[in-house]
$ cat start-v3.txt   # compact mmCIF, C-alpha atoms
# COMPACT_ATOMS: atom_id res chain seq x y z
CA MET A 68 12.99 -15.36 9.12
CA MET A 69 15.30 -13.09 7.14
CA LYS A 70 17.13 -16.16 5.83
CA ARG A 71 13.87 -17.74 4.67
CA TYR A 72 12.57 -14.64 2.89
CA SER A 73 14.61 -13.62 -0.14
CA LEU A 74 15.02 -10.26 -1.83
CA PRO A 75 13.94 -11.73 -5.21
CA GLY A 76 10.65 -12.81 -3.61
CA TYR A 77 10.13 -9.31 -2.24
CA LEU A 78 10.89 -7.73 -5.63
CA ALA A 79 8.61 -10.16 -7.50
CA GLY A 80 5.73 -9.29 -5.21
CA ALA A 81 6.45 -5.57 -5.54
CA VAL A 82 6.49 -5.72 -9.34
CA ALA A 83 3.20 -7.66 -9.47
CA ALA A 84 1.40 -5.35 -7.02
CA ARG A 85 2.69 -2.15 -8.57
CA ALA A 86 2.08 -3.27 -12.15
CA GLY A 87 -1.50 -4.10 -11.17
CA ASP A 88 -1.82 -0.66 -9.61
CA GLU A 89 -0.44 1.08 -12.71
CA MET A 90 -2.76 -1.02 -14.86
CA SER A 91 -5.86 -0.30 -12.80
CA GLY A 92 -6.06 3.46 -13.49
CA PRO A 93 -6.05 3.28 -17.30
CA ALA A 94 -8.27 0.19 -17.21
CA LEU A 95 -10.86 1.95 -15.03
CA MET A 96 -10.80 5.01 -17.29
CA LEU A 97 -11.32 2.90 -20.42
CA THR A 98 -14.10 0.92 -18.76
CA GLY A 99 -15.78 4.02 -17.41
CA PHE A 100 -15.79 5.61 -20.83
CA ALA A 101 -17.04 2.43 -22.51
CA LEU A 102 -19.91 1.90 -20.07
CA THR A 103 -20.99 5.49 -19.41
CA GLY A 104 -19.96 7.17 -22.66
CA SER A 105 -18.64 10.14 -20.69
CA SER A 106 -14.99 11.15 -20.59
CA GLY A 107 -15.80 13.23 -17.49
CA ASP A 108 -17.07 10.17 -15.63
CA ALA A 109 -14.00 8.21 -16.71
CA ALA A 110 -11.68 10.92 -15.38
CA ALA A 111 -13.69 11.13 -12.15
CA LEU A 112 -13.12 7.41 -11.54
CA LEU A 113 -9.36 7.84 -11.87
CA ALA A 114 -9.38 10.90 -9.59
CA ALA A 115 -11.47 9.08 -6.97
CA ILE A 116 -9.17 6.08 -6.68
CA THR A 117 -6.05 8.28 -6.74
CA LEU A 118 -6.80 11.18 -4.41
CA SER A 119 -8.20 9.07 -1.58
CA ALA A 120 -4.73 7.55 -1.16
CA ALA A 121 -3.68 10.83 0.47
CA VAL A 122 -6.10 10.09 3.32
CA GLY A 123 -5.43 6.39 3.65
CA GLY A 124 -1.63 6.51 3.55
CA PRO A 125 -0.79 7.92 7.00
CA LEU A 126 -3.34 5.74 8.81
CA LEU A 127 -2.27 2.59 6.98
CA GLY A 128 1.36 3.37 7.79
CA ALA A 129 0.59 3.82 11.49
CA LEU A 130 -1.22 0.47 11.55
CA LEU A 131 1.67 -1.24 9.77
CA ASP A 132 4.11 0.14 12.35
CA ARG A 133 2.02 -1.29 15.18
CA ALA A 134 1.50 -4.74 13.63
CA GLY A 135 3.54 -7.68 14.85
CA ARG A 136 3.16 -9.24 11.39
CA PRO A 137 3.01 -6.22 9.07
CA GLY A 138 3.10 -8.48 6.03
CA ARG A 139 -0.29 -9.92 6.91
CA LEU A 140 -1.81 -6.46 7.24
CA LEU A 141 -0.17 -5.55 3.93
CA ALA A 142 -1.66 -8.66 2.32
CA ALA A 143 -5.10 -7.70 3.66
CA ALA A 144 -4.71 -4.23 2.16
CA LEU A 145 -3.77 -5.72 -1.22
CA LEU A 146 -6.80 -8.03 -1.06
CA LEU A 147 -9.13 -5.12 -0.25
CA TYR A 148 -7.66 -3.12 -3.12
CA ALA A 149 -8.20 -5.99 -5.57
CA LEU A 150 -11.74 -6.60 -4.31
CA GLY A 151 -12.44 -2.87 -4.51
CA LEU A 152 -11.46 -2.83 -8.17
CA GLY A 153 -13.88 -5.68 -8.80
CA ALA A 154 -16.65 -3.94 -6.86
CA THR A 155 -16.10 -0.71 -8.79
CA LEU A 156 -16.35 -2.64 -12.05
CA LEU A 157 -19.59 -4.33 -10.94
CA GLY A 158 -21.04 -0.98 -9.91
CA LEU A 159 -20.52 0.67 -13.28
CA GLY A 160 -23.83 0.69 -15.14
CA ARG A 161 -25.60 -1.13 -12.30
CA LEU A 162 -25.42 1.37 -9.43
CA PRO A 163 -25.88 5.15 -9.42
CA PHE A 164 -22.59 6.66 -10.55
CA PRO A 165 -21.98 8.61 -7.28
CA LEU A 166 -22.18 5.32 -5.36
CA THR A 167 -19.69 3.74 -7.76
CA LEU A 168 -17.40 6.72 -7.18
CA LEU A 169 -17.66 6.12 -3.43
CA ILE A 170 -16.54 2.51 -3.94
CA ALA A 171 -13.56 3.78 -5.95
CA VAL A 172 -12.70 6.23 -3.15
CA LEU A 173 -12.78 3.45 -0.54
CA THR A 174 -10.62 1.28 -2.81
CA GLY A 175 -8.04 4.03 -3.21
CA LEU A 176 -7.56 4.24 0.56
CA TRP A 177 -5.51 1.04 0.34
CA GLY A 178 -3.38 2.24 -2.59
CA PRO A 179 -0.37 3.33 -0.47
CA ALA A 180 0.10 -0.31 0.55
CA LEU A 181 1.37 -0.95 -2.97
CA SER A 182 4.00 1.79 -2.77
CA GLY A 183 5.24 3.16 0.55
CA GLY A 184 3.72 0.41 2.67
CA TRP A 185 5.64 -2.25 0.75
CA THR A 186 8.95 -0.37 0.62
CA ALA A 187 8.84 0.30 4.37
CA GLN A 188 9.27 -3.46 4.95
CA LEU A 189 12.52 -3.69 2.98
CA PRO A 190 14.89 -3.36 6.00
CA ALA A 191 13.32 -6.51 7.46
CA VAL A 192 14.35 -8.37 4.31
CA VAL A 193 17.76 -6.80 3.60
CA ALA A 194 19.83 -5.03 6.20
CA GLY A 195 23.19 -3.34 6.59
CA ASP A 196 25.44 -2.66 3.62
CA ARG A 197 23.07 -4.41 1.20
CA LEU A 198 20.23 -1.94 1.80
CA PRO A 199 21.35 0.86 -0.61
CA ARG A 200 21.53 -1.56 -3.54
CA ALA A 201 18.20 -3.08 -2.52
CA ASN A 202 16.69 0.42 -2.48
CA ALA A 203 17.78 0.93 -6.08
CA LEU A 204 16.33 -2.42 -7.12
CA ASP A 205 13.08 -1.60 -5.31
CA ALA A 206 12.89 1.73 -7.15
CA MET A 207 13.30 -0.17 -10.43
CA THR A 208 10.08 -2.04 -9.70
CA PHE A 209 8.21 1.28 -9.92
CA SER A 210 9.74 1.98 -13.34
CA ALA A 211 8.99 -1.55 -14.53
CA ALA A 212 5.40 -1.25 -13.30
CA SER A 213 4.87 2.16 -14.91
CA LEU A 214 6.14 0.70 -18.19
CA ALA A 215 4.21 -2.57 -18.10
CA GLY A 216 0.96 -1.54 -16.39
CA PRO A 217 -0.48 0.95 -18.91
CA ALA A 218 0.73 -1.16 -21.82
CA LEU A 219 -1.01 -4.25 -20.41
CA ALA A 220 -4.18 -2.24 -19.84
CA GLY A 221 -4.20 -1.10 -23.45
CA VAL A 222 -3.45 -4.55 -24.90
CA VAL A 223 -6.03 -6.39 -22.77
CA ALA A 224 -8.69 -3.73 -23.37
CA GLU A 225 -8.08 -3.90 -27.11
CA THR A 226 -8.15 -7.69 -27.33
CA ALA A 227 -10.62 -8.72 -24.60
CA GLY A 228 -12.47 -5.57 -23.59
CA ALA A 229 -11.96 -2.79 -21.07
CA SER A 230 -13.80 -4.63 -18.29
CA THR A 231 -11.43 -7.57 -18.65
CA ALA A 232 -8.51 -5.18 -18.21
CA VAL A 233 -9.87 -4.18 -14.77
CA VAL A 234 -10.22 -7.85 -13.82
CA ALA A 235 -6.66 -8.51 -14.98
CA ALA A 236 -5.37 -5.58 -12.90
CA ALA A 237 -7.11 -6.92 -9.80
CA ALA A 238 -5.74 -10.40 -10.46
CA LEU A 239 -2.21 -9.02 -10.84
CA VAL A 240 -2.46 -7.28 -7.47
CA ALA A 241 -3.78 -10.49 -5.92
CA THR A 242 -0.76 -12.49 -7.15
CA ALA A 243 1.38 -10.44 -4.75
CA LEU A 244 -0.54 -11.67 -1.70
CA PRO A 245 1.81 -14.57 -0.83
CA ALA A 246 4.89 -12.34 -1.06
CA ALA A 247 3.25 -9.87 1.33
CA TRP A 248 1.82 -12.48 3.72
CA PHE A 249 5.19 -14.09 4.44
CA LEU A 250 7.15 -10.88 5.00
CA PRO A 251 9.30 -11.09 8.18
CA SER A 252 7.63 -10.35 11.50
CA ARG A 253 8.60 -7.42 13.70
CA PRO A 254 10.98 -8.18 16.62
CA ARG A 255 9.07 -8.76 19.88
CA GLY A 256 10.91 -5.99 21.68
CA THR A 257 9.71 -3.47 19.10
CA ARG A 258 6.14 -4.73 19.36
CA ASP A 259 6.11 -4.51 23.15
CA ALA A 260 7.34 -0.91 23.00
CA ARG A 261 4.19 0.26 21.22
CA ARG A 262 2.00 1.86 23.87
CA ALA A 263 0.90 5.12 22.24
CA SER A 264 -2.46 5.51 20.54
CA VAL A 265 -2.80 5.50 16.76
CA ARG A 266 -3.53 9.23 16.90
CA ASP A 267 -0.32 9.84 18.84
CA ASP A 268 1.61 7.76 16.32
CA LEU A 269 0.19 9.83 13.46
CA SER A 270 1.32 13.08 15.04
CA ALA A 271 4.68 11.57 15.96
CA GLY A 272 5.36 10.59 12.36
CA LEU A 273 4.57 14.08 11.11
CA ARG A 274 6.79 15.57 13.82
CA VAL A 275 9.69 13.38 12.74
CA ILE A 276 9.32 14.49 9.12
CA GLY A 277 9.28 18.12 10.22
CA ALA A 278 12.09 17.82 12.76
CA ARG A 279 14.69 15.89 10.76
CA HIS A 280 15.90 18.34 8.18
CA PRO A 281 17.29 15.80 5.65
CA LEU A 282 13.98 13.92 5.71
CA LEU A 283 11.94 17.12 5.44
CA GLU A 284 14.09 18.34 2.56
CA ALA A 285 13.82 15.07 0.64
CA THR A 286 10.06 14.91 1.26
CA LEU A 287 9.42 18.45 0.05
CA ALA A 288 11.72 18.00 -2.96
CA SER A 289 9.98 14.78 -4.01
CA VAL A 290 6.50 16.28 -3.62
CA ALA A 291 7.44 19.39 -5.62
CA THR A 292 8.94 17.19 -8.33
CA CYS A 293 5.67 15.23 -8.46
CA VAL A 294 3.78 18.49 -8.95
CA ALA A 295 5.98 19.15 -12.00
CA GLN A 296 5.40 15.60 -13.25
CA GLY A 297 1.64 16.07 -12.89
CA MET A 298 1.86 19.25 -14.93
CA LEU A 299 3.67 17.33 -17.65
CA ALA A 300 1.02 14.58 -17.56
CA ALA A 301 -1.66 17.19 -18.26
CA CYS A 302 0.33 18.29 -21.31
CA LEU A 303 0.84 14.83 -22.81
CA PRO A 304 -2.32 14.70 -24.99
CA LEU A 305 -1.52 18.12 -26.49
CA LEU A 306 2.13 17.21 -26.97
CA GLY A 307 1.08 14.06 -28.77
CA GLU A 308 -1.41 15.90 -30.97
CA ARG A 309 0.75 18.90 -31.86
CA VAL A 310 4.21 17.34 -31.99
CA LEU A 311 3.84 13.59 -32.57
CA GLY A 312 0.80 13.50 -34.81
CA GLY A 313 -1.77 12.01 -32.43
CA ALA A 314 -3.03 12.71 -28.94
CA GLY A 315 -2.63 9.07 -27.92
CA ARG A 316 1.05 9.12 -28.82
CA GLY A 317 1.76 11.48 -25.95
CA ALA A 318 1.36 8.59 -23.51
CA LEU A 319 4.23 6.79 -25.26
CA LEU A 320 6.56 9.42 -23.81
CA LEU A 321 5.92 7.90 -20.38
CA SER A 322 7.18 4.56 -21.68
CA CYS A 323 10.37 6.25 -22.89
CA ALA A 324 10.84 7.80 -19.45
CA ALA A 325 10.22 4.46 -17.73
CA VAL A 326 12.84 2.69 -19.86
CA SER A 327 15.54 5.29 -19.15
CA ALA A 328 14.56 5.38 -15.46
CA MET A 329 15.14 1.63 -15.22
CA ALA A 330 18.50 1.90 -16.96
CA ALA A 331 19.67 4.79 -14.78
CA THR A 332 18.52 3.09 -11.59
CA ALA A 333 20.24 -0.13 -12.61
CA ALA A 334 23.49 1.83 -13.00
CA LEU A 335 22.96 3.33 -9.55
CA ALA A 336 22.40 -0.16 -8.11
CA ARG A 337 25.90 -1.14 -9.23
CA PHE A 338 27.44 1.84 -7.43
CA PRO A 339 24.96 2.66 -4.66
CA ARG A 340 27.41 4.68 -2.56
CA ALA A 341 29.05 6.68 -5.32
CA VAL A 342 27.01 9.83 -4.56
CA ALA A 343 25.20 10.88 -1.39
CA PRO A 344 21.45 10.18 -1.68
CA ASP A 345 20.56 13.74 -0.60
CA THR A 346 22.58 15.05 -3.54
CA ILE A 347 20.90 12.64 -5.94
CA VAL A 348 17.44 13.83 -4.83
CA ARG A 349 18.39 17.42 -5.71
CA ALA A 350 20.24 16.51 -8.90
CA GLY A 351 17.32 14.37 -10.07
CA ALA A 352 15.01 17.37 -9.78
CA LEU A 353 17.40 19.51 -11.85
CA VAL A 354 17.67 16.84 -14.54
CA GLN A 355 13.89 16.68 -14.76
CA ALA A 356 13.71 20.49 -14.98
CA ALA A 357 16.07 20.36 -17.96
CA ALA A 358 13.91 17.65 -19.54
CA LEU A 359 10.78 19.77 -19.17
CA LEU A 360 12.49 22.72 -20.84
CA LEU A 361 13.53 20.46 -23.73
CA ALA A 362 9.95 19.23 -24.05
CA ALA A 363 8.85 22.81 -24.67
CA SER A 364 10.90 22.94 -27.89
CA GLY A 365 8.09 21.49 -30.01
CA ARG A 366 10.38 19.18 -32.03
CA PRO A 367 9.62 15.44 -32.17
CA VAL A 368 13.19 14.17 -31.78
CA VAL A 369 13.92 16.62 -28.97
CA LEU A 370 10.66 15.65 -27.27
CA VAL A 371 11.64 11.98 -27.22
CA ALA A 372 15.08 12.94 -25.91
CA ALA A 373 13.37 14.99 -23.20
CA ALA A 374 11.33 11.97 -22.13
CA LEU A 375 14.47 9.84 -21.89
CA LEU A 376 16.21 12.55 -19.88
CA LEU A 377 13.20 12.79 -17.57
CA GLY A 378 13.57 9.12 -16.66
CA ILE A 379 17.31 9.52 -16.02
CA GLY A 380 16.43 12.08 -13.37
CA GLU A 381 13.35 10.34 -12.00
CA GLY A 382 14.62 6.78 -11.42
CA PRO A 383 17.74 7.51 -9.32
CA GLN A 384 15.88 10.24 -7.44
CA LEU A 385 13.29 7.72 -6.27
CA ALA A 386 15.97 5.23 -5.15
CA ALA A 387 17.80 8.01 -3.29
CA LEU A 388 14.56 9.12 -1.63
CA PHE A 389 14.06 5.60 -0.30
CA THR A 390 17.60 5.62 1.09
CA VAL A 391 17.03 8.91 2.89
CA ARG A 392 13.75 7.68 4.37
CA HIS A 393 15.30 4.44 5.62
CA ARG A 394 18.24 6.33 7.09
CA GLU A 395 16.22 9.03 8.84
CA SER A 396 13.09 7.12 9.96
CA PRO A 397 12.88 5.58 13.45
CA GLU A 398 12.04 1.91 13.09
CA HIS A 399 8.75 2.21 14.99
CA LEU A 400 7.52 4.97 12.62
CA ARG A 401 9.01 3.81 9.32
CA GLY A 402 5.79 2.50 7.79
CA GLN A 403 3.91 5.68 8.54
CA ILE A 404 6.66 7.91 7.17
CA PHE A 405 6.84 5.90 3.94
CA THR A 406 3.09 5.81 3.36
CA THR A 407 2.69 9.48 4.33
CA GLY A 408 5.42 10.39 1.85
CA ALA A 409 3.73 8.31 -0.86
CA SER A 410 0.40 9.99 -0.12
CA LEU A 411 1.93 13.45 -0.36
CA LYS A 412 3.54 12.58 -3.70
CA ILE A 413 0.27 11.26 -5.11
CA THR A 414 -1.47 14.43 -3.99
CA GLY A 415 1.27 16.59 -5.50
CA PHE A 416 0.93 14.83 -8.84
CA ALA A 417 -2.85 15.26 -8.83
CA VAL A 418 -2.58 18.94 -7.89
CA GLY A 419 -0.04 19.56 -10.65
CA ALA A 420 -2.23 17.90 -13.26
CA ALA A 421 -5.33 19.78 -12.10
CA LEU A 422 -3.57 23.15 -12.15
CA ALA A 423 -1.91 22.60 -15.51
CA ALA A 424 -4.88 21.24 -17.46
CA PRO A 425 -6.65 24.59 -18.09
CA VAL A 426 -3.36 26.49 -18.54
CA ALA A 427 -1.97 24.02 -21.11
CA ALA A 428 -4.92 24.65 -23.42
CA ARG A 429 -3.87 28.31 -23.62
CA SER A 430 -0.09 27.95 -23.64
CA LEU A 431 1.52 24.53 -23.85
CA THR A 432 5.03 25.98 -23.89
CA GLY A 433 4.30 28.24 -20.93
CA THR A 434 2.96 25.32 -18.91
CA LEU A 435 6.07 23.23 -19.53
CA VAL A 436 8.34 26.14 -18.62
CA LEU A 437 6.34 26.65 -15.44
CA ALA A 438 6.68 22.93 -14.64
CA ALA A 439 10.44 23.23 -15.12
CA GLY A 440 10.44 26.11 -12.66
CA VAL A 441 8.65 23.95 -10.09
CA ALA A 442 11.29 21.23 -10.57
CA VAL A 443 14.06 23.79 -10.06
CA ALA A 444 12.36 24.91 -6.85
CA ALA A 445 12.37 21.25 -5.77
CA ALA A 446 16.14 21.12 -6.29
CA LEU A 447 16.62 24.30 -4.26
CA VAL A 448 14.36 23.33 -1.37
CA HIS A 449 17.40 22.72 0.85
CA ARG A 450 18.12 26.44 0.57
CA LEU A 451 14.50 27.47 1.01
CA VAL A 452 13.82 25.43 4.16
CA PRO A 453 15.78 26.74 7.18
CA ALA A 454 17.66 24.14 9.16
CA ALA A 455 17.55 26.22 12.34
CA GLY A 456 15.69 24.45 15.09
CA ALA A 457 15.58 21.15 13.21
CA ARG A 458 17.06 18.21 15.01
CA GLU A 459 19.91 16.33 13.45
CA SER A 460 19.23 12.94 11.94
CA THR A 461 20.98 11.24 14.86
CA ASP A 462 18.59 12.69 17.45
CA ARG A 463 16.46 10.12 19.23
CA VAL A 464 12.69 10.14 18.95
CA PRO A 465 10.69 8.62 21.82
CA SER A 466 9.16 5.27 20.89
CA GLY A 467 6.01 5.37 22.85
$ encode --input "start-v3.txt" --output "structure tokens"
Amino acid sequence: MMKRYSLPGYLAGAVAARAGDEMSGPALMLTGFALTGSSGDAAALLAAITLSAAVGGPLLGALLDRAGRPGRLLAAALLLYALGLGATLLGLGRLPFPLTLLIAVLTGLWGPALSGGWTAQLPAVVAGDRLPRANALDAMTFSAASLAGPALAGVVAETAGASTAVVAAAALVATALPAAWFLPSRPRGTRDARRASVRDDLSAGLRVIGARHPLLEATLASVATCVAQGMLAACLPLLGERVLGGAGRGALLLSCAAVSAMAATAALARFPRAVAPDTIVRAGALVQAAALLLAASGRPVVLVAAALLLGIGEGPQLAALFTVRHRESPEHLRGQIFTTGASLKITGFAVGAALAAPVAARSLTGTLVLAAGVAVAAALVHRLVPAAGARESTDRVPSG
């Protein structure tokens, strides 16, 4: 099966699914505002489809780990996500808004399939010495999606209407279904070893994250970095308005970061073993802290440079995080660990944005400096989390 399923096919599916995901949030916000006339309702739609991923991730990961054909379960999750986007669109203006929010919440439960659930299947496609480079290429799909998704949402909404942008996002996710469906099956020996309940698997995955110090360190560092990124996201409209001459221009900074993230990750893909992934996770957080401090300068040129520097830290950090997870995760718990990690990161981003939004209105500079401090804490988490009592990464974890 591994010979019949190629890495380019995996990457093409990942780009399509993740671009559709990145497109869906802005498209839903634009549609919500157009149909309800309320910016609060539009923001509530985005929050509903985002935050519910924190609940769905661990359970979806546990189910993927137990599936003999995880690709088919992944394809079903993608289909439900695409159908959920369509149902949310149909509900706007036709159903009571709380019911439409509930549909968005149920849709968001399947969101981790597009991130951690997909990446967890990579070792079945590429194994051995090729995996570190494949990790870097997989991380690049996130940068490509974050660059293309919002831009596509804006272009389609401008030319064909916001509702059409939601339909296009759902269609983009659906195009990844064949790539997911034909992912390699799990070896029969691994399938036969699964005897524990789903609840036991959920607790086992969390125990592994807590017990394996390198995995715990990388998880905490990535979540803390996402908190800092969420704080920056809350500052983007004000940065655009006060520094770049328009609130909407703040979002362009994310495009700058995505471009530099792709370039930096591409460089890492050429030399995947040049630096230990654990070191890259920490260094990436420090680079992003420096970028956040630069962003507080209030100068347009420096602000653009800060966005580029942010991507240089963010892209390789994500690729290194994937490498650590693959290295430290037992095969029978890999899907759950990846989707749980993705859920925690999504939650961290949302928490950072929620905390920073009221503070940024009072002190934009202070908020960015605080975000930089959070990123520094992410880089120092290996010193803050005691290794005593944690099992080494080579310890065995019972499979059933």
$ closest_residue --input "start-v3.txt" --among "A:Leu320, A:Ala238, A:Leu305, A:Leu156" --to "Ser430 of chain A" --atoms "all atoms listed in the file"
A:Leu305
$ atom_distance --input "start-v3.txt" --atom1 "atom CA of Ser322 of chain A" --atom2 "atom CA of Leu377 of chain A"
11.0 Å
$ residues_around --input "start-v3.txt" --residues "segment 242-246 of chain A" --least-positions-apart "2" --cutoff "9 Å" --atoms "only C-alpha atoms" --output "PyMOL selection string"
chain A and resi 72+76-84+138-139+141-143+145-146+237-240+248-250
$ atom_distance --input "start-v3.txt" --atom1 "atom CA of Cys293 of chain A" --atom2 "atom CA of Ala424 of chain A"
15.1 Å
$ residues_around --input "start-v3.txt" --residues "segment 219-231 of chain A" --least-positions-apart "3" --cutoff "10 Å" --atoms "all atoms listed in the file" --output "list in words"
Ala86, Gly87, Glu89, Met90, Ser91, Gly92, Pro93, Ala94, Leu95, Met96, Leu97, Thr98, Gly99, Phe100, Ala101, Leu102, Gly153, Leu156, Leu157, Leu159, Leu214, Ala215, Gly216, Val234, Ala235, Ala236 and Ala237 of chain A
$ residues_around --input "start-v3.txt" --residues "Pro281 of chain A" --least-positions-apart "4" --cutoff "9 Å" --atoms "only C-alpha atoms" --output "NGL selection string"
:A and (276 or 285-286 or 345 or 391-392 or 395 or 449 or 459-460)
$ closest_residue --input "start-v3.txt" --among "A:Ala427, A:Ala328, A:Leu204, A:Val443" --to "Ser289 of chain A" --atoms "only C-alpha atoms"
A:Val443
$ closest_residue --input "start-v3.txt" --among "A:Ala171, A:Leu130, A:Gly312, A:Gly178" --to "Ala110 of chain A" --atoms "all atoms listed in the file"
A:Ala171
